[in-house]
Structures are given as C-alpha cells and as structure tokens.
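*Asks:* Provided below: structure-v3.txt, containing compact mmCIF, C-alpha atoms and all ligand atoms.
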```txt
# COMPACT_ATOMS: atom_id res chain seq x y z
CA MET A 74 -115.03 12.74 11.52
CA GLU A 75 -116.43 13.76 8.18
CA LYS A 76 -114.38 12.91 5.08
CA LYS A 77 -113.44 15.64 2.61
CA ASN A 78 -115.53 15.94 -0.50
CA ILE A 79 -113.00 14.39 -2.91
CA ASP A 80 -113.66 12.15 -5.92
CA TRP A 81 -111.52 9.39 -4.37
CA SER A 82 -111.93 6.84 -7.17
CA ASN A 83 -110.58 9.20 -9.80
CA LEU A 84 -107.48 10.42 -8.01
CA GLY A 85 -104.16 10.14 -9.82
CA PHE A 86 -100.74 10.15 -8.19
CA ALA A 87 -100.59 13.90 -7.62
CA TYR A 88 -100.13 16.38 -4.78
CA ILE A 89 -103.18 17.72 -3.00
CA GLU A 90 -102.50 20.03 -0.08
CA THR A 91 -103.87 18.69 3.20
CA GLU A 92 -104.38 20.47 6.51
CA LYS A 93 -101.48 19.52 8.75
CA ARG A 94 -97.82 18.58 8.33
CA PHE A 95 -95.15 17.72 10.91
CA VAL A 96 -92.05 19.91 11.19
CA SER A 97 -88.97 19.46 13.36
CA ASN A 98 -85.79 21.56 13.22
CA TYR A 99 -82.22 20.48 13.95
CA LYS A 100 -80.02 23.23 15.38
CA ASP A 101 -76.94 23.31 17.65
CA GLY A 102 -76.64 19.54 17.42
CA ALA A 103 -80.18 18.58 18.50
CA TRP A 104 -83.71 18.09 17.16
CA ASP A 105 -86.48 20.18 18.71
CA GLU A 106 -89.78 18.62 19.86
CA GLY A 107 -91.43 19.09 16.47
CA ALA A 108 -95.03 20.17 15.89
CA LEU A 109 -97.92 19.97 13.47
CA VAL A 110 -98.27 23.16 11.42
CA THR A 111 -100.74 24.45 8.84
CA ASP A 112 -98.35 26.33 6.50
CA ALA A 113 -97.36 24.18 3.51
CA ASN A 114 -94.63 26.60 2.42
CA ILE A 115 -90.99 26.73 3.50
CA VAL A 116 -88.86 29.87 3.66
CA MET A 117 -85.11 29.30 3.72
CA ASN A 118 -81.82 30.98 2.98
CA GLU A 119 -80.74 31.26 -0.68
CA CYS A 120 -77.57 29.34 0.14
CA ALA A 121 -79.24 26.44 2.00
CA GLY A 122 -77.41 23.10 1.65
CA VAL A 123 -80.37 21.52 -0.10
CA LEU A 124 -80.51 24.25 -2.73
CA GLN A 125 -76.80 24.24 -3.52
CA TYR A 126 -75.65 20.64 -3.12
CA ALA A 127 -78.91 18.66 -3.01
CA GLN A 128 -78.48 17.53 0.59
CA THR A 129 -81.87 15.89 0.96
CA CYS A 130 -83.48 12.48 1.33
CA PHE A 131 -87.04 11.26 1.63
CA GLU A 132 -89.37 8.35 2.31
CA GLY A 133 -92.77 7.23 1.05
CA LEU A 134 -95.44 5.18 2.82
CA LYS A 135 -99.21 4.98 2.93
CA ALA A 136 -102.15 5.00 5.33
CA TYR A 137 -105.14 2.81 4.49
CA THR A 138 -108.73 2.48 5.67
CA THR A 139 -109.34 -1.17 6.51
CA GLU A 140 -112.47 -3.17 5.81
CA ASP A 141 -113.64 -2.61 9.40
CA GLY A 142 -113.07 1.16 9.23
CA LYS A 143 -109.76 1.52 11.06
CA ILE A 144 -106.93 3.69 9.74
CA VAL A 145 -103.60 1.86 9.56
CA THR A 146 -100.07 2.28 8.22
CA PHE A 147 -97.86 -0.45 6.78
CA ARG A 148 -94.44 -1.12 8.33
CA PRO A 149 -93.52 2.53 9.08
CA ASP A 150 -90.62 1.28 11.23
CA LEU A 151 -88.87 0.09 8.06
CA ASN A 152 -89.23 3.52 6.45
CA ALA A 153 -87.83 5.05 9.63
CA GLN A 154 -84.82 2.74 9.51
CA ARG A 155 -84.22 3.33 5.79
CA MET A 156 -84.25 7.08 6.42
CA VAL A 157 -81.63 6.56 9.14
CA ASP A 158 -79.48 4.81 6.52
CA SER A 159 -80.07 7.60 3.98
CA CYS A 160 -79.16 10.31 6.51
CA LYS A 161 -75.94 8.58 7.50
CA ARG A 162 -74.82 8.29 3.89
CA LEU A 163 -75.61 11.96 3.22
CA GLU A 164 -73.97 13.32 6.41
CA MET A 165 -77.33 14.39 7.76
CA PRO A 166 -78.42 14.05 11.41
CA VAL A 167 -80.51 10.96 12.11
CA PHE A 168 -84.13 11.58 13.06
CA PRO A 169 -84.83 8.95 15.76
CA ALA A 170 -86.79 6.00 14.34
CA ASP A 171 -89.35 5.90 17.17
CA LYS A 172 -90.05 9.63 16.78
CA PHE A 173 -90.40 9.14 13.02
CA VAL A 174 -93.13 6.53 13.56
CA GLU A 175 -94.88 8.75 16.13
CA ALA A 176 -94.78 11.72 13.75
CA VAL A 177 -96.21 9.60 10.91
CA LYS A 178 -99.11 8.65 13.16
CA GLU A 179 -99.68 12.27 14.24
CA VAL A 180 -99.82 13.42 10.61
CA VAL A 181 -102.27 10.68 9.64
CA LYS A 182 -104.49 11.42 12.63
CA ALA A 183 -104.47 15.16 11.95
CA ASN A 184 -105.44 14.54 8.32
CA ALA A 185 -107.90 11.69 8.92
CA ALA A 186 -110.51 13.46 6.79
CA TYR A 187 -108.19 12.93 3.81
CA VAL A 188 -107.66 9.19 4.30
CA PRO A 189 -109.59 7.68 1.38
CA PRO A 190 -112.48 5.37 2.31
CA TYR A 191 -112.18 1.58 2.12
CA GLY A 192 -112.80 0.26 -1.36
CA SER A 193 -112.16 3.58 -3.15
CA GLY A 194 -108.85 2.37 -4.61
CA ALA A 195 -107.11 5.44 -3.17
CA THR A 196 -104.81 5.78 -0.14
CA LEU A 197 -103.15 8.54 1.88
CA TYR A 198 -99.53 8.87 0.76
CA LEU A 199 -97.10 10.12 3.40
CA ARG A 200 -93.90 11.84 2.45
CA PRO A 201 -91.28 12.19 5.23
CA TYR A 202 -88.21 14.14 4.12
CA MET A 203 -85.21 16.00 5.43
CA PHE A 204 -82.99 18.72 4.02
CA GLY A 205 -80.00 20.89 4.90
CA SER A 206 -81.49 24.30 5.65
CA SER A 207 -78.52 26.44 6.73
CA PRO A 208 -76.17 28.18 4.28
CA VAL A 209 -73.16 26.27 2.86
CA ILE A 210 -70.97 27.60 0.08
CA GLY A 211 -67.94 25.33 0.38
CA VAL A 212 -68.85 21.71 -0.36
CA LYS A 213 -69.71 20.41 3.12
CA PRO A 214 -72.73 19.30 5.16
CA ALA A 215 -75.09 21.97 6.48
CA ASP A 216 -75.23 22.71 10.23
CA GLU A 217 -79.02 22.95 10.40
CA TYR A 218 -81.74 20.66 9.05
CA GLN A 219 -85.48 20.37 8.80
CA PHE A 220 -87.45 17.11 8.95
CA ARG A 221 -91.01 17.22 7.66
CA ILE A 222 -93.87 14.86 6.85
CA PHE A 223 -96.81 15.83 4.69
CA ALA A 224 -99.77 13.76 3.55
CA THR A 225 -101.61 13.72 0.23
CA PRO A 226 -104.41 11.43 -0.98
CA VAL A 227 -103.39 9.45 -4.08
CA GLY A 228 -104.71 7.02 -6.66
CA PRO A 229 -102.66 4.64 -8.86
CA TYR A 230 -99.07 5.60 -9.76
CA PHE A 231 -99.45 4.39 -13.35
CA LYS A 232 -102.48 5.57 -15.31
CA GLY A 233 -104.84 2.64 -15.81
CA GLY A 234 -104.06 1.08 -12.41
CA ALA A 235 -103.54 -2.63 -12.87
CA LYS A 236 -103.16 -2.48 -16.67
CA PRO A 237 -99.80 -3.84 -17.84
CA ILE A 238 -97.23 -1.20 -18.75
CA THR A 239 -94.44 -1.07 -21.34
CA ILE A 240 -90.89 -0.29 -20.29
CA ARG A 241 -87.57 0.04 -22.09
CA VAL A 242 -84.06 -1.00 -21.19
CA SER A 243 -82.31 2.26 -20.41
CA ASP A 244 -79.03 3.45 -21.93
CA VAL A 245 -78.63 5.92 -19.06
CA ASP A 246 -77.44 4.64 -15.67
CA ARG A 247 -79.14 5.33 -12.37
CA ALA A 248 -76.61 4.52 -9.66
CA ALA A 249 -72.86 3.94 -9.59
CA PRO A 250 -71.59 0.63 -8.13
CA ASN A 251 -70.43 2.26 -4.89
CA GLY A 252 -72.71 5.28 -5.07
CA THR A 253 -76.09 6.17 -3.57
CA GLY A 254 -78.51 3.78 -5.31
CA HIS A 255 -79.28 1.95 -2.05
CA ILE A 256 -80.55 5.06 -0.25
CA LYS A 257 -83.47 7.38 -0.97
CA ALA A 258 -81.51 10.52 -1.86
CA GLY A 259 -83.25 13.24 -3.86
CA LEU A 260 -80.25 13.32 -6.18
CA ASN A 261 -81.08 9.79 -7.44
CA TYR A 262 -84.38 11.12 -8.73
CA ALA A 263 -83.07 14.42 -10.12
CA MET A 264 -80.71 12.51 -12.39
CA SER A 265 -83.55 10.30 -13.64
CA LEU A 266 -85.82 13.13 -14.80
CA TYR A 267 -84.23 13.54 -18.22
CA ASN A 268 -84.52 9.82 -18.83
CA ILE A 269 -88.14 9.44 -17.71
CA VAL A 270 -89.26 12.40 -19.83
CA ASP A 271 -87.40 10.86 -22.79
CA ALA A 272 -89.02 7.46 -22.11
CA HIS A 273 -92.50 9.01 -21.96
CA ASN A 274 -91.86 10.97 -25.17
CA LYS A 275 -90.99 7.68 -26.87
CA GLY A 276 -94.11 5.91 -25.57
CA PHE A 277 -92.65 3.98 -22.62
CA ASP A 278 -94.02 4.09 -19.09
CA GLU A 279 -90.72 3.49 -17.29
CA ASN A 280 -87.01 2.73 -17.65
CA MET A 281 -85.35 -0.54 -16.70
CA TYR A 282 -81.94 0.39 -15.29
CA LEU A 283 -79.04 -2.04 -15.62
CA ASP A 284 -75.97 -2.45 -13.44
CA PRO A 285 -73.63 0.30 -14.61
CA ALA A 286 -70.44 -1.75 -14.28
CA THR A 287 -71.31 -4.49 -16.78
CA ARG A 288 -74.71 -3.44 -18.20
CA THR A 289 -75.70 -7.11 -18.25
CA LYS A 290 -77.83 -7.31 -15.09
CA VAL A 291 -81.24 -5.91 -14.15
CA GLU A 292 -81.33 -3.36 -11.33
CA GLU A 293 -84.65 -1.51 -10.91
CA THR A 294 -86.74 1.31 -12.38
CA GLY A 295 -86.69 4.94 -11.31
CA GLY A 296 -89.22 4.29 -8.53
CA ALA A 297 -89.74 0.55 -8.00
CA ASN A 298 -87.99 -2.84 -7.69
CA PHE A 299 -88.58 -5.76 -10.06
CA LEU A 300 -90.25 -9.11 -9.45
CA PHE A 301 -90.13 -11.89 -12.03
CA ILE A 302 -91.99 -15.19 -12.13
CA THR A 303 -90.38 -18.26 -13.68
CA LYS A 304 -92.20 -20.95 -15.69
CA ASP A 305 -92.28 -23.12 -12.56
CA ASN A 306 -93.78 -20.32 -10.41
CA LYS A 307 -90.64 -19.23 -8.62
CA VAL A 308 -90.54 -15.56 -7.54
CA VAL A 309 -87.22 -13.96 -8.49
CA THR A 310 -85.99 -10.48 -7.56
CA PRO A 311 -82.67 -8.83 -8.46
CA LYS A 312 -79.95 -8.68 -5.82
CA SER A 313 -77.66 -5.68 -6.03
CA GLY A 314 -75.95 -3.26 -3.69
CA SER A 315 -77.07 -0.30 -5.78
CA ILE A 316 -80.86 -0.71 -5.74
CA LEU A 317 -83.21 0.70 -3.11
CA PRO A 318 -84.22 -2.02 -0.62
CA SER A 319 -87.96 -1.78 -1.31
CA ILE A 320 -90.19 -2.44 1.69
CA THR A 321 -92.93 -3.64 -0.65
CA ARG A 322 -90.56 -6.10 -2.31
CA ARG A 323 -89.23 -7.39 1.01
CA SER A 324 -92.84 -7.83 2.18
CA LEU A 325 -93.85 -9.58 -1.04
CA MET A 326 -91.03 -12.09 -0.65
CA VAL A 327 -92.53 -13.04 2.73
CA VAL A 328 -96.05 -13.12 1.26
CA ALA A 329 -94.86 -15.37 -1.60
CA GLU A 330 -93.12 -17.81 0.70
CA LYS A 331 -95.31 -17.84 3.81
CA TYR A 332 -98.79 -17.12 2.43
CA LEU A 333 -98.61 -18.58 -1.07
CA GLY A 334 -96.06 -21.35 -0.55
CA LEU A 335 -93.92 -20.18 -3.48
CA GLU A 336 -90.18 -20.50 -3.75
CA VAL A 337 -88.40 -17.13 -3.71
CA GLU A 338 -84.95 -16.16 -4.96
CA GLU A 339 -83.05 -12.92 -4.49
CA ARG A 340 -80.17 -13.14 -6.93
CA GLU A 341 -78.45 -11.50 -9.85
CA VAL A 342 -80.83 -11.38 -12.82
CA TYR A 343 -79.28 -11.15 -16.29
CA VAL A 344 -80.89 -9.24 -19.16
CA ASP A 345 -80.43 -12.39 -21.24
CA GLU A 346 -82.82 -14.22 -18.89
CA LEU A 347 -85.72 -11.80 -19.31
CA LYS A 348 -87.21 -13.86 -22.12
CA ASP A 349 -87.33 -16.95 -19.88
CA PHE A 350 -89.66 -15.39 -17.28
CA VAL A 351 -93.44 -15.60 -17.69
CA GLU A 352 -94.49 -12.60 -15.57
CA CYS A 353 -92.87 -9.34 -14.54
CA GLY A 354 -94.00 -6.67 -12.09
CA LEU A 355 -92.78 -3.43 -10.54
CA CYS A 356 -93.23 -3.16 -6.83
CA GLY A 357 -93.11 -0.20 -4.49
CA THR A 358 -95.28 1.87 -2.19
CA ALA A 359 -96.51 4.07 -5.01
CA ALA A 360 -96.59 1.32 -7.66
CA VAL A 361 -97.99 -1.42 -5.30
CA ILE A 362 -97.43 -4.12 -7.95
CA SER A 363 -97.72 -2.84 -11.49
CA PRO A 364 -97.61 -5.57 -14.11
CA VAL A 365 -95.08 -5.13 -16.90
CA GLY A 366 -96.59 -6.31 -20.19
CA LYS A 367 -93.61 -5.64 -22.42
CA ILE A 368 -89.90 -4.85 -22.14
CA VAL A 369 -88.24 -3.27 -25.17
CA ASN A 370 -84.50 -3.88 -25.31
CA HIS A 371 -83.46 -1.82 -28.31
CA GLY A 372 -84.57 -3.94 -31.31
CA GLU A 373 -85.87 -6.82 -29.19
CA GLU A 374 -89.31 -7.07 -27.56
CA ILE A 375 -89.98 -9.33 -24.58
CA CYS A 376 -93.72 -9.80 -24.07
CA TYR A 377 -95.45 -11.04 -20.93
CA GLY A 378 -98.97 -10.00 -22.01
CA MET A 379 -100.62 -6.59 -22.31
CA GLU A 380 -104.14 -7.74 -21.34
CA ASP A 381 -104.05 -8.58 -17.65
CA MET A 382 -101.83 -9.01 -14.63
CA GLY A 383 -100.32 -12.52 -14.67
CA PRO A 384 -101.86 -15.09 -12.27
CA ILE A 385 -98.99 -15.20 -9.75
CA THR A 386 -98.56 -11.41 -9.78
CA LYS A 387 -102.32 -11.16 -9.15
CA LYS A 388 -102.11 -13.52 -6.18
CA LEU A 389 -99.23 -11.50 -4.73
CA TYR A 390 -101.14 -8.28 -5.30
CA ASP A 391 -104.36 -9.59 -3.75
CA THR A 392 -102.59 -10.98 -0.70
CA LEU A 393 -100.49 -7.88 -0.04
CA THR A 394 -103.39 -5.45 -0.48
CA GLY A 395 -105.57 -7.84 1.56
CA ILE A 396 -103.06 -7.55 4.42
CA GLN A 397 -102.87 -3.76 4.06
CA MET A 398 -106.67 -3.36 3.99
CA GLY A 399 -107.28 -5.72 6.89
CA ARG A 400 -108.93 -8.56 4.94
CA ILE A 401 -106.06 -10.97 5.58
CA GLU A 402 -104.24 -11.40 8.86
CA ALA A 403 -100.86 -9.63 8.80
CA PRO A 404 -97.58 -10.97 10.14
CA GLU A 405 -96.77 -9.62 13.61
CA GLY A 406 -95.83 -5.93 13.57
CA TRP A 407 -96.64 -5.16 9.93
CA ILE A 408 -99.78 -3.11 10.58
CA GLN A 409 -99.84 -0.13 12.93
CA VAL A 410 -103.29 1.12 13.84
CA ILE A 411 -103.77 4.88 14.19
CA GLU A 412 -105.73 5.30 17.42
N1 LIG B 501 -86.96 1.74 -5.83
C1 LIG B 501 -86.96 3.07 -5.90
C2 LIG B 501 -85.90 3.73 -6.70
C3 LIG B 501 -87.96 3.80 -5.24
O1 LIG B 501 -87.99 5.13 -5.31
C4 LIG B 501 -88.94 3.12 -4.50
C5 LIG B 501 -89.97 3.85 -3.77
O2 LIG B 501 -89.88 4.07 -2.59
C6 LIG B 501 -88.90 1.72 -4.46
C7 LIG B 501 -87.89 1.06 -5.13
C8 LIG B 501 -89.91 0.96 -3.69
O3 LIG B 501 -89.65 0.99 -2.32
P1 LIG B 501 -90.81 0.82 -1.26
O4 LIG B 501 -91.46 -0.48 -1.54
O5 LIG B 501 -90.11 0.82 0.03
O6 LIG B 501 -91.73 1.95 -1.45
C1 LIG B 502 -92.66 5.41 -3.42
O1 LIG B 502 -93.05 4.37 -3.92
O2 LIG B 502 -93.04 5.78 -2.29
C2 LIG B 502 -91.72 6.26 -4.09
O3 LIG B 502 -91.10 7.05 -3.45
C3 LIG B 502 -91.60 6.12 -5.53
C4 LIG B 502 -91.73 7.35 -6.30
C5 LIG B 502 -92.96 8.14 -6.15
C6 LIG B 502 -90.47 8.09 -6.41
```
Please rewrite the model in this file as structure tokens.
*Replies:*
Amino acid sequence: MEKKNIDWSNLGFAYIETEKRFVSNYKDGAWDEGALVTDANIVMNECAGVLQYAQTCFEGLKAYTTEDGKIVTFRPDLNAQRMVDSCKRLEMPVFPADKFVEAVKEVVKANAAYVPPYGSGATLYLRPYMFGSSPVIGVKPADEYQFRIFATPVGPYFKGGAKPITIRVSDVDRAAPNGTGHIKAGLNYAMSLYNIVDAHNKGFDENMYLDPATRTKVEETGGANFLFITKDNKVVTPKSGSILPSITRRSLMVVAEKYLGLEVEEREVYVDELKDFVECGLCGTAAVISPVGKIVNHGEEICYGMEDMGPITKKLYDTLTGIQMGRIEAPEGWIQVIE
C-alpha cells in the first residue's frame, strides 16, 4: 500500500478528508449492518434532533504506525464504553461496544494510506460520533440516529508540539455539578467556544476550569485532563464527577505506577495548591501530554518553566508514546493491531 503524498511532519490538528468513513443508521429500534462509504457529506431533515437540541456525542482516538511497521490503535474498547455512557445520558441508542471496535478497525484499514509513517510525529485521528437524525420539535429524543466514524491525519494539538503552553484560570464554568461534564456530549464543547476564543484573544492557549459549586478546585481544560507532579515526584490528578474520564490520563496513571514506580494520587486538587507543584501537563488523545509552563490566575502567575517539558512529564510522555508506537511492551489488551 502506497502512502498518500502528505507533508506528515508539518500537519497541524486540522481536518483532511480521507477516502472512507463508516456509517450505520438506527431506525425502528435497531441498528443496520453499517457500511464504509465515500461521501463525506450528510443530508438530513431541517428539524433533526441534533440541529434543534444538540443531541450528539462523540469520541476521539488514534491509529499509529509502530516501529516495526504495523498499524495499531490504543485502547479502542475504552472509547467504545465511554460512548455507551454518553449515549445513555443523552437518551441515544447504544452502539454495541464490540461493533464500535470493529468499525474503528475497518475505517483504519480502509484509510491505511493516510496513517502517518513511523517517526513522522503525526497520527491518524479517528472521530466516532452519533446524532439524532429524525425530526423533533417538542423537546424529546429523536427516533432515528446515525453513527459514523471518519479518519483524518493530524499533527500536534498545540502549535509547537512539546513546547510548554500558558493557560488561565477561567471565570466561565464548563460543567454543572450534576450535569454532563463526565460524558463527551457536543454541547460541552459548544458552550466552551466563546471562552476559548476569548482566551486565545488574550494570549492564552487554554482555560483551566474550576468546580462550579465552590470555584476552589481544579477540574480540567476544554479538551484534556490535568496531571501535576509534586516536589517528591508524586503524580496527582484531579478527582471530580464532572470531568471527562480521560483514557490517556487513566493510562498514564498505570504507566506512572507500573512502569516508572511513581506514587499516584487521584484526589481533589485545590487552586491554592497549584503553586506547590513542580510540573503540570494536559493529557488527552489530541494533546498526548502537553506541558503547561504557566498558569495565570487573575493577578497571580504560577510558573513551572516555559523552556522544556519537566523531567517526570517527559518520562511519562516517552513511556506512553513508546507503548503506542511499539517501542515498549504494552500492558495486556492496550494495543489492537489492524490486520
Ligand atoms: N477532557 C476533555 C474535555 C476532552 O475532550 C478530552 C478528549 O477526549 C479529554 C479530557 C481527554 O480524554 P482522552 O484521553 O480519552 O482522549
Ligand atoms: C481528543 O483528545 O480526542 C478530544 O476529543 C479533544 C478535543 C479535540 C476536543
């Protein structure tokens, strides 16, 4: 298979149309078989549930070329399960987890020419999503749904790759205490657009959201969970019912403990503690681990260093990407090879 003629090393995090996407329709209470199609466009009714009441959720995962030339995906079963949780919360029909994983593999295989080569720094980003496609005018769930997965080759989420970024403590909240912060609903991202544009206009790369009830605890950013490193090399991550359970973060906690022998803590993290940490990173599929060099909390600046990724963050990054790219042996079940 010949790779596409793409300048892999200079890709940003942007959409490039690829050849095949998976589509399955839910009608009369059941999913159809689903198929790979070439048309990237969707035609739907003007009153579709997704267009009126934002009934949609999504996932994000990547396919990688390993050192020995295989194409693999990383823990797609966890994305499948998280989408089940999102669908239940949004009154959408569940797409079976085993079929989700199969469809991911089909899409990767069909677009193998777009999987960036080993060592290019790029990956194939996969975007599974579902939406209410039939008309609804009263506020209620749609009767019909579409589940799709497309693929697009991507580079780093933050410009500059591993360069530390600057974030601000947000005055706008992301998720209510008993709301939808723990699922991957499109509405969580729609509400963050105003705030991310405002942050960028003011020179910040991202927003640090706090717990809306007390505004004293760290939650996450618009698209990644936080990791902090203490002076004595402990890895700390915020615990909250209103943040997205990041697969990258859950994997990094295992990497920290089992591969690097570090102590890990998932607990409430107070804004007042930020100054006591020595490293901070954002972790997610898109972000991988992006080092945070500075947090601006209104008048106060908390600096972790704008030059390089901190040493523990670097070890976590190297081990995780080593596992994903086949240089380091993965825990059982983490890597699924596309045959
Ligand atoms: N938090 C939010 C709000 C996200 O959108 C994402 C991205 O999926 C993450 C965290 C990271 O999750 P994961 O590591 O599963 O990609
Ligand atoms: C991801 O990391 O996959 C995400 O979905 C984050 C972002 C692009 C919203």
*Asks:* Smallest atom-to-atom distance to ligand LIG 501 (chain B): which of A:Phe301, A:Phe231, A:Tyr377, A:Phe131, using only C-alpha atoms and all ligand atoms?
*Replies:* A:Phe131
*Asks:* Choose the residue, out of A:Val369, A:Val328, A:Leu163, A:Leu260, that has the smallest atom-to-atom separation from A:Ile396; count all atoms listed in the file.
*Replies:*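 That would be A:Val328, the residue with the smallest distance to A:Ile396.
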*Asks:* Distance limit 8 Å, reference ligand LIG 501 (chain B), atoms considered: only C-alpha atoms and all ligand atoms. Which residues make the cut? Give them as JSON, numbers by chain.
*Replies:* {"A": [132, 133, 134, 152, 254, 257, 261, 262, 293, 294, 295, 296, 297, 298, 316, 317, 318, 319, 320, 321, 322, 323, 356, 357, 358, 359, 360, 361]}
*Asks:* Kindly give the distance, in Å, that separates atom CA of A:Ala329 and atom CA of A:Ala195, rounded to a single decimal.
*Replies:* 24.2 Å
*Asks:* Which residue out of A:Asp158, A:Asp171, A:Glu338, A:Asp278 has the minimum interatomic distance to A:His255 when only C-alpha atoms are used?
*Replies:*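 Under the stated criterion, the closest residue is A:Asp158.
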*Asks:* Considering all atoms listed in the file, state which residue in the set A:Pro229, A:Gly276, A:Gly194, A:Gly395 is at the smallest distance from ligand LIG 502 (chain B).
*Replies:*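 Of the candidates, the smallest distance to ligand LIG 502 (chain B) is held by A:Pro229.
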*Asks:* Nearest to ligand LIG 502 (chain B): which of A:Ala87, A:Val110, A:Ile238, A:Met398 is it, counting all atoms listed in the file?
*Replies:*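 Looking at the shortest contact to ligand LIG 502 (chain B), the residue is A:Ala87.
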*Asks:* Which one of A:Glu175, A:Glu75, A:Glu217, A:Asp80 sits closest to A:Asp101 if you count only C-alpha atoms?
*Replies:* A:Glu217
*Asks:* Between atom CA of A:Lys93 and atom CA of A:Ala170, what distance in Å does the model show, to one decimal?
*Replies:* 20.7 Å
*Asks:* Got a sec: who's within 12 Å of A:Lys387, counting all atoms listed in the file, leaving out chain neighbours fewer than 5 positions off, as a ChimeraX atom specification?
*Replies:* /A:235-237,302,325,329,333,352-354,361-364,381-382,392-395
*Asks:* Can you measure atom CA of A:Tyr99 to atom CA of A:Pro169 for me? One decimal in Å is fine.
*Replies:*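 About the pair atom CA of A:Tyr99 and atom CA of A:Pro169: they are 12.0 Å apart.
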*Asks:* Counting only C-alpha atoms, what is within 7 Å of A:Thr310, bar same-chain residues fewer than 2 positions away, as number ranges by chain?
*Replies:* A: 299-301, 308, 312, 338-340
